[in-house]
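Chemist: Compact mmCIF, C-alpha atoms, saved as upload.txt, coming up:
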```
# COMPACT_ATOMS: atom_id res chain seq x y z
CA MET A 1 2.79 -12.38 -18.77
CA LEU A 2 1.39 -14.16 -15.73
CA LEU A 3 1.82 -11.30 -13.29
CA SER A 4 2.05 -7.58 -12.99
CA CYS A 5 5.02 -5.85 -11.46
CA CYS A 6 3.25 -4.64 -8.36
CA SER A 7 5.07 -3.66 -5.19
CA LEU A 8 6.48 -6.43 -3.06
CA ALA A 9 4.27 -7.16 -0.09
CA THR A 10 3.48 -10.20 2.01
CA VAL A 11 1.01 -10.91 4.79
CA PHE A 12 2.42 -12.29 8.02
CA ILE A 13 0.41 -14.81 10.04
CA SER A 14 0.78 -16.18 13.54
CA GLU A 15 0.10 -19.57 15.08
CA ASN A 16 -1.21 -19.72 18.66
CA GLY A 17 -0.38 -16.04 19.08
CA ASN A 18 3.28 -16.43 18.16
CA ASP A 19 4.80 -14.77 15.14
CA LEU A 20 6.15 -17.21 12.60
CA SER A 21 9.55 -16.57 11.05
CA TYR A 22 10.14 -17.90 7.56
CA LYS A 23 13.79 -18.84 7.88
CA ASN A 24 13.94 -21.80 5.50
CA LEU A 25 12.52 -21.02 2.06
CA PHE A 26 12.34 -23.46 -0.83
CA ILE A 27 11.35 -22.68 -4.43
CA LEU A 28 9.33 -25.47 -6.07
CA ALA A 29 9.68 -25.13 -9.84
CA GLY A 30 9.37 -27.18 -13.01
CA GLN A 31 6.37 -28.81 -14.64
CA SER A 32 3.53 -31.15 -13.74
CA ASN A 33 5.32 -33.67 -11.53
CA MET A 34 6.46 -30.83 -9.29
CA ALA A 35 3.12 -29.02 -9.36
CA GLY A 36 1.41 -32.32 -8.57
CA ARG A 37 -0.79 -34.80 -10.39
CA GLY A 38 -1.29 -37.30 -7.57
CA TYR A 39 -4.71 -38.21 -6.17
CA PHE A 40 -5.70 -39.87 -2.92
CA GLY A 41 -8.70 -41.77 -4.32
CA ASP A 42 -7.29 -42.94 -7.66
CA ASP A 43 -3.69 -43.93 -7.28
CA ASN A 44 -2.74 -47.56 -8.10
CA SER A 45 0.34 -47.50 -5.88
CA THR A 46 1.68 -51.00 -5.30
CA ASN A 47 2.99 -49.84 -1.94
CA PRO A 48 0.65 -47.03 -0.81
CA PRO A 49 2.47 -44.48 1.38
CA PRO A 50 1.10 -43.25 4.71
CA LEU A 51 -0.99 -40.16 4.05
CA GLY A 52 0.80 -38.45 6.92
CA TYR A 53 3.44 -37.31 4.46
CA PHE A 54 0.82 -34.87 3.14
CA ASP A 55 -0.44 -33.68 6.53
CA SER A 56 -0.41 -30.03 7.52
CA HIS A 57 2.11 -28.90 10.10
CA PRO A 58 2.30 -25.48 11.78
CA GLN A 59 5.94 -25.23 10.70
CA ILE A 60 5.19 -25.82 7.00
CA LEU A 61 3.91 -22.72 5.23
CA VAL A 62 3.07 -21.97 1.61
CA LEU A 63 3.15 -18.70 -0.30
CA ASP A 64 -0.17 -18.77 -2.14
CA ALA A 65 -1.12 -17.17 -5.45
CA ASN A 66 -2.03 -13.95 -3.64
CA GLN A 67 1.49 -13.72 -2.15
CA THR A 68 0.10 -14.56 1.31
CA TRP A 69 1.65 -17.02 3.73
CA ASN A 70 -0.64 -19.80 4.95
CA VAL A 71 -0.18 -23.10 6.74
CA ALA A 72 0.24 -25.55 3.86
CA THR A 73 -2.28 -28.33 3.29
CA GLU A 74 -2.90 -30.93 0.61
CA TYR A 75 -5.02 -33.43 2.51
CA GLY A 76 -8.28 -33.22 4.42
CA PRO A 77 -11.82 -31.88 4.01
CA ASP A 78 -10.55 -28.50 2.79
CA GLN A 79 -7.96 -29.53 0.24
CA TYR A 80 -5.80 -26.66 -0.88
CA TYR A 81 -3.15 -27.91 -3.26
CA LEU A 82 0.19 -26.14 -3.00
CA HIS A 83 0.07 -24.96 -6.62
CA TYR A 84 -3.58 -23.86 -6.58
CA GLY A 85 -3.75 -20.59 -8.52
CA ILE A 86 -0.16 -21.01 -9.74
CA ASP A 87 -0.33 -23.98 -12.13
CA LEU A 88 -3.27 -23.07 -14.37
CA VAL A 89 -2.48 -25.29 -17.35
CA ARG A 90 -4.06 -28.62 -16.44
CA TYR A 91 -5.80 -30.55 -13.67
CA LEU A 92 -4.08 -30.23 -10.32
CA GLY A 93 -3.20 -32.71 -7.57
CA VAL A 94 -0.53 -33.33 -4.95
CA GLY A 95 3.19 -33.18 -5.60
CA PRO A 96 6.44 -33.80 -3.70
CA GLY A 97 6.48 -30.46 -1.86
CA MET A 98 4.66 -31.62 1.27
CA PRO A 99 6.50 -34.97 1.57
CA PHE A 100 9.76 -33.04 1.15
CA ALA A 101 8.91 -30.64 3.96
CA ASN A 102 7.42 -33.26 6.30
CA TRP A 103 10.42 -35.57 5.85
CA ILE A 104 12.83 -32.77 6.70
CA LEU A 105 10.98 -32.16 9.97
CA ILE A 106 10.86 -35.89 10.71
CA LYS A 107 14.63 -36.21 10.18
CA ASP A 108 15.47 -32.90 11.85
CA PRO A 109 12.70 -31.74 14.25
CA GLY A 110 14.70 -28.65 15.14
CA PHE A 111 15.04 -27.49 11.54
CA GLY A 112 12.61 -24.59 12.01
CA THR A 113 9.84 -23.14 9.91
CA ILE A 114 9.71 -24.17 6.25
CA GLY A 115 8.29 -21.79 3.66
CA LEU A 116 7.37 -23.38 0.32
CA ILE A 117 7.23 -21.15 -2.77
CA PRO A 118 5.25 -22.97 -5.50
CA CYS A 119 6.17 -21.87 -9.03
CA ALA A 120 5.71 -24.97 -11.22
CA HIS A 121 3.56 -25.12 -14.36
CA GLY A 122 2.50 -28.27 -16.17
CA ASN A 123 3.32 -28.98 -19.81
CA THR A 124 6.17 -26.47 -20.02
CA GLN A 125 9.49 -26.65 -21.83
CA ILE A 126 12.77 -25.32 -20.47
CA VAL A 127 12.84 -22.58 -23.14
CA GLN A 128 9.58 -21.25 -21.70
CA TRP A 129 11.38 -20.79 -18.38
CA SER A 130 14.14 -18.70 -19.94
CA LYS A 131 14.60 -15.11 -18.91
CA GLY A 132 12.70 -12.82 -21.26
CA ASN A 133 10.31 -15.48 -22.56
CA ASP A 134 6.85 -13.99 -23.00
CA ARG A 135 5.23 -16.86 -21.09
CA GLY A 136 6.34 -15.07 -17.91
CA LEU A 137 7.33 -18.15 -15.93
CA TYR A 138 10.80 -16.85 -15.14
CA ASP A 139 9.48 -13.45 -14.07
CA GLN A 140 6.90 -15.05 -11.82
CA LEU A 141 9.48 -17.26 -10.13
CA VAL A 142 11.84 -14.37 -9.41
CA TYR A 143 8.99 -12.14 -8.26
CA ARG A 144 7.56 -14.72 -5.86
CA ALA A 145 11.01 -15.54 -4.49
CA LYS A 146 11.59 -11.85 -3.73
CA VAL A 147 8.18 -11.57 -2.09
CA ALA A 148 9.09 -14.51 0.14
CA LEU A 149 12.38 -12.88 1.07
CA GLU A 150 10.49 -9.82 2.30
CA SER A 151 9.41 -11.94 5.27
CA GLY A 152 12.99 -12.06 6.47
CA GLY A 153 13.73 -15.64 5.53
CA LYS A 154 16.51 -17.17 3.47
CA ILE A 155 16.11 -19.24 0.33
CA LYS A 156 17.80 -22.53 1.13
CA ALA A 157 17.34 -24.24 -2.24
CA LEU A 158 15.59 -24.30 -5.58
CA LEU A 159 13.96 -27.67 -6.29
CA TRP A 160 13.67 -28.26 -10.05
CA TYR A 161 11.62 -31.10 -11.59
CA GLN A 162 11.05 -30.67 -15.31
CA GLY A 163 12.08 -32.07 -18.66
CA GLU A 164 9.34 -34.36 -19.95
CA SER A 165 8.17 -31.76 -22.47
CA ASP A 166 11.70 -31.37 -23.84
CA ALA A 167 11.98 -35.07 -24.69
CA GLU A 168 9.67 -34.87 -27.69
CA THR A 169 12.17 -33.47 -30.23
CA TYR A 170 15.84 -34.11 -30.83
CA GLU A 171 16.64 -30.39 -30.93
CA ASP A 172 15.07 -29.65 -27.54
CA ALA A 173 16.69 -32.69 -25.96
CA THR A 174 20.09 -31.75 -27.37
CA LEU A 175 19.86 -28.17 -26.08
CA TYR A 176 18.36 -29.05 -22.71
CA GLY A 177 21.59 -29.03 -20.72
CA SER A 178 22.73 -25.60 -21.91
CA ARG A 179 19.26 -24.13 -21.51
CA LEU A 180 18.96 -25.43 -17.97
CA ALA A 181 22.38 -24.06 -17.04
CA LYS A 182 21.46 -20.63 -18.44
CA PHE A 183 18.15 -20.62 -16.56
CA LEU A 184 19.78 -21.47 -13.24
CA THR A 185 22.58 -18.95 -13.77
CA ASP A 186 20.05 -16.20 -14.51
CA VAL A 187 17.94 -17.04 -11.45
CA ARG A 188 20.98 -16.90 -9.20
CA ALA A 189 22.01 -13.56 -10.66
CA ASP A 190 18.59 -11.94 -10.33
CA LEU A 191 18.17 -13.18 -6.77
CA GLU A 192 21.74 -12.08 -6.01
CA MET A 193 22.50 -15.57 -4.73
CA PRO A 194 25.40 -16.91 -6.85
CA ASP A 195 25.76 -19.97 -4.62
CA LEU A 196 22.05 -20.81 -4.33
CA PRO A 197 21.81 -24.60 -3.91
CA VAL A 198 19.77 -26.29 -6.64
CA LEU A 199 18.39 -29.82 -6.54
CA VAL A 200 17.60 -31.06 -10.05
CA VAL A 201 15.42 -34.15 -10.32
CA ALA A 202 16.65 -36.52 -13.03
CA MET A 203 13.28 -37.44 -14.52
CA MET A 204 12.27 -40.95 -15.53
CA THR A 205 8.68 -40.46 -16.72
CA GLY A 206 7.19 -39.34 -20.00
CA VAL A 207 6.65 -40.75 -23.46
CA GLY A 208 9.02 -38.56 -25.50
CA GLU A 209 11.40 -40.39 -27.79
CA TYR A 210 14.41 -38.49 -26.39
CA LYS A 211 13.64 -38.91 -22.69
CA MET A 212 16.99 -40.52 -21.92
CA MET A 213 18.88 -37.65 -23.58
CA VAL A 214 17.16 -35.12 -21.32
CA ARG A 215 17.69 -37.32 -18.30
CA GLN A 216 21.40 -37.63 -19.10
CA ALA A 217 21.72 -33.85 -19.42
CA GLN A 218 20.21 -33.53 -15.95
CA MET A 219 22.63 -36.12 -14.59
CA ASP A 220 25.61 -34.40 -16.24
CA ILE A 221 25.01 -30.77 -15.20
CA LYS A 222 28.25 -29.35 -13.82
CA LEU A 223 27.27 -26.02 -12.25
CA PRO A 224 28.61 -25.50 -8.72
CA HIS A 225 26.17 -26.19 -5.89
CA VAL A 226 23.82 -28.03 -8.25
CA VAL A 227 23.03 -31.62 -7.23
CA THR A 228 21.06 -34.19 -9.21
CA VAL A 229 18.44 -36.28 -7.39
CA ASP A 230 17.57 -39.40 -9.37
CA ALA A 231 13.87 -40.26 -9.66
CA MET A 232 14.60 -43.67 -11.19
CA GLY A 233 12.62 -46.40 -9.46
CA ALA A 234 9.88 -44.12 -8.15
CA GLU A 235 6.43 -45.46 -9.00
CA ILE A 236 4.48 -43.93 -11.87
CA LYS A 237 0.83 -44.09 -12.84
CA PRO A 238 0.24 -47.13 -15.05
CA TYR A 239 -2.41 -45.38 -17.12
CA ASP A 240 -0.56 -42.26 -18.28
CA LYS A 241 3.18 -43.07 -17.89
CA ALA A 242 4.00 -39.39 -17.48
CA HIS A 243 3.20 -38.76 -13.81
CA LEU A 244 4.15 -40.16 -10.45
CA ASN A 245 1.55 -41.86 -8.27
CA LEU A 246 1.37 -41.20 -4.53
CA ALA A 247 4.12 -43.68 -3.71
CA GLY A 248 6.38 -42.11 -6.34
CA ILE A 249 5.59 -38.60 -5.16
CA VAL A 250 6.52 -39.46 -1.58
CA GLU A 251 9.69 -41.25 -2.69
CA VAL A 252 10.91 -38.28 -4.75
CA GLY A 253 10.00 -35.86 -1.95
CA LYS A 254 12.00 -37.92 0.55
CA ARG A 255 14.98 -38.21 -1.82
CA LEU A 256 14.98 -34.44 -2.27
CA ALA A 257 14.83 -33.93 1.50
CA ASP A 258 17.58 -36.47 2.22
CA THR A 259 19.82 -34.87 -0.40
CA PHE A 260 19.21 -31.38 0.95
CA LEU A 261 19.94 -32.46 4.52
CA GLU A 262 23.07 -34.28 3.40
CA ILE A 263 24.55 -31.30 1.56
CA ASN A 264 23.77 -29.12 4.55
CA GLY A 265 25.46 -31.46 6.98
CA LYS A 266 22.25 -32.49 8.73
CA CYS A 267 22.52 -36.26 8.17
```
Would you write out, as structure tokens, the structure that this file holds?
Modeler:
Amino acid sequence: MLLSCCSLATVFISENGNDLSYKNLFILAGQSNMAGRGYFGDDNSTNPPPLGYFDSHPQILVLDANQTWNVATEYGPDQYYLHYGIDLVRYLGVGPGMPFANWILIKDPGFGTIGLIPCAHGNTQIVQWSKGNDRGLYDQLVYRAKVALESGGKIKALLWYQGESDAETYEDATLYGSRLAKFLTDVRADLEMPDLPVLVVAMMTGVGEYKMMVRQAQMDIKLPHVVTVDAMGAEIKPYDKAHLNLAGIVEVGKRLADTFLEINGKC
């Protein structure tokens, strides 16, 4: 297990003497491309994005590994990656969480405070996210979501970006769709949010032989209030083929934001 079942508690912060309300909460879950494997100094983007998509903003907060709210940052002299202390499997970098949040505020400046809840772990299969799995990923996600809710906010969506690890065997690829549906149904039940919006990224990276089967299962999911966001065309790193570069990270973050705003009537 990755966590102990301690009492729910969160630390409130203020900016310029004003209390911050966490009204718009987003769960960031999945594997490495959600946790982040992008780097500012070693990127190879053919069309490098403005680094402003990763800038801190007083209205973008992150629930850290200690269940404390902080102003989110992934760029600058004191880099603090969103999934620091959460994704402990492999090397860590930047992911689509900050571009997602910054693009929402660019498109809708009056949207309000955004609270990001990082929960992703690299190199994980969907079965490891199932309820009751001894890896503890599911328990951690539900626990952190409930901690975030203690601040008085509302979870607006679960952003899910995972699947590369399930493309390595025919069995896992075949079962991916049913396993994902079960995972999302369980999360909604345990959070008592049966209509929780879910944005599933249809992946396009990875080297698994059955990548297209997993991708098709993501495209075909039929649960209500679940929308697929296609990552096809986003740039990937030329030297590992499994992870997005900075341009790809920004593109996926913006697509997630545009889709969320569209389904909420903000576009």
Chemist: Check the smallest atom-to-atom distance from each of A:Met98, A:Ala257, A:Val250, A:Met204 to Asn47 in chain A using only C-alpha atoms, then report the winner.
Modeler: A:Val250
Chemist: In file coordinates, which residues lie within 10 Å of (23.7, -29.6, -9.9) using only C-alpha atoms, given as a PyMOL selection string?
Modeler: chain A and resi 181+184+197-201+218-229
Chemist: Write out, as a tab-separated table, each residue of range 187-258 of chain A that has an atom at most 8 Å from range 26-42 of chain A, together with the closest pair of atoms and their distance in Å to one decimal, counting all atoms listed in the file, rows going by chain and rising number.
Modeler:
```
residue	atom	partner	partner_atom	distance
A:His243	CA	A:Asn33	CA	6.0
A:Leu244	CA	A:Asn33	CA	6.7
A:Asn245	CA	A:Gly38	CA	5.4
A:Leu246	CA	A:Gly38	CA	5.6
A:Ile249	CA	A:Gly38	CA	7.4
```
Chemist: Closest to Leu256 in chain A among A:Pro194, A:Tyr161, A:Gly110, A:Gly115, using only C-alpha atoms?
Modeler: A:Tyr161
Chemist: List the spatial neighbours of Lys211 in chain A as a list in words - criterion: any atom at most 10 Å away, all atoms listed in the file, same-chain residues fewer than 4 positions off excluded.
Modeler: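 Returned residues: Gly163, Glu164, Ser165, Asp166, Ala167, Glu168, Thr169, Tyr170, Ala173, Met203, Met204, Thr205, Gly206, Val207, Arg215 and Gln216 of chain A.
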Chemist: As a PyMOL selection string, please: the residues near Val252 in chain A (cut-off 9 Å, all atoms listed in the file, same-chain neighbours under 6 positions excluded).
Modeler: chain A and resi 96+99-100+201+229-231+234
Chemist: Name the closest residue to Lys237 in chain A among the candidates A:Asn264, A:Thr113, A:Thr174, A:Ser45; distances are taken between atoms, counting all atoms listed in the file.
Modeler: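 Among the listed residues, A:Ser45 lies closest to Lys237 in chain A.
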Chemist: In Å, rounded to a single decimal, give me how far CA of Leu63 in chain A is from CA of Lys107 in chain A.
Modeler: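 About the pair CA of Lys107 in chain A and CA of Leu63 in chain A: they are 23.4 Å apart.
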Chemist: If you take all atoms listed in the file and a cut-off of 9 Å, which residues of range 169-252 of chain A touch range 131-155 of chain A, and what are their nearest atom pairs and distances in Å to one decimal, in chain and number order, as CSV?
Modeler:
```
residue,atom,partner,partner_atom,distance
A:Lys182,CA,A:Lys131,CA,8.8
A:Phe183,CA,A:Lys131,CA,7.0
A:Asp186,CA,A:Lys131,CA,7.1
A:Val187,CA,A:Val142,CA,7.0
A:Asp190,CA,A:Val142,CA,7.2
A:Leu191,CA,A:Val142,CA,7.0
A:Met193,CA,A:Ile155,CA,8.9
A:Leu196,CA,A:Ile155,CA,7.7
A:Pro197,CA,A:Ile155,CA,8.9
```
Chemist: Could you take the residues named above and write them with C-alpha atoms, as a PDB file, in the coordinates of the input?
Modeler:
```pdb
ATOM      1  CA  LYS A 182      21.460 -20.630 -18.440  1.00  0.00           C
ATOM      2  CA  PHE A 183      18.150 -20.620 -16.560  1.00  0.00           C
ATOM      3  CA  ASP A 186      20.050 -16.200 -14.510  1.00  0.00           C
ATOM      4  CA  VAL A 187      17.940 -17.040 -11.450  1.00  0.00           C
ATOM      5  CA  ASP A 190      18.590 -11.940 -10.330  1.00  0.00           C
ATOM      6  CA  LEU A 191      18.170 -13.180  -6.770  1.00  0.00           C
ATOM      7  CA  MET A 193      22.500 -15.570  -4.730  1.00  0.00           C
ATOM      8  CA  LEU A 196      22.050 -20.810  -4.330  1.00  0.00           C
ATOM      9  CA  PRO A 197      21.810 -24.600  -3.910  1.00  0.00           C
TER      10      PRO A 197
END
```
Chemist: Mind pulling up the distance from CA of Gln128 in chain A to CA of Gly177 in chain A?
Modeler: 14.3 Å
Chemist: Using CA of Asn70 in chain A and CA of Lys23 in chain A as the two end points, give the distance in Å to one decimal.
Modeler: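 Computed distance, CA of Asn70 in chain A to CA of Lys23 in chain A, equals 14.8 Å.
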Chemist: List the neighbours of Thr73 in chain A out to 12 Å using only C-alpha atoms; skip same-chain residues closer than 5 positions along the sequence, and give me the result as JSON, numbers by chain.
Modeler: {"A": [51, 52, 53, 54, 55, 56, 57, 58, 59, 60, 61, 62, 63, 64, 78, 79, 80, 81, 82, 83, 84, 93, 94, 95, 97, 98, 99, 101, 102, 116]}
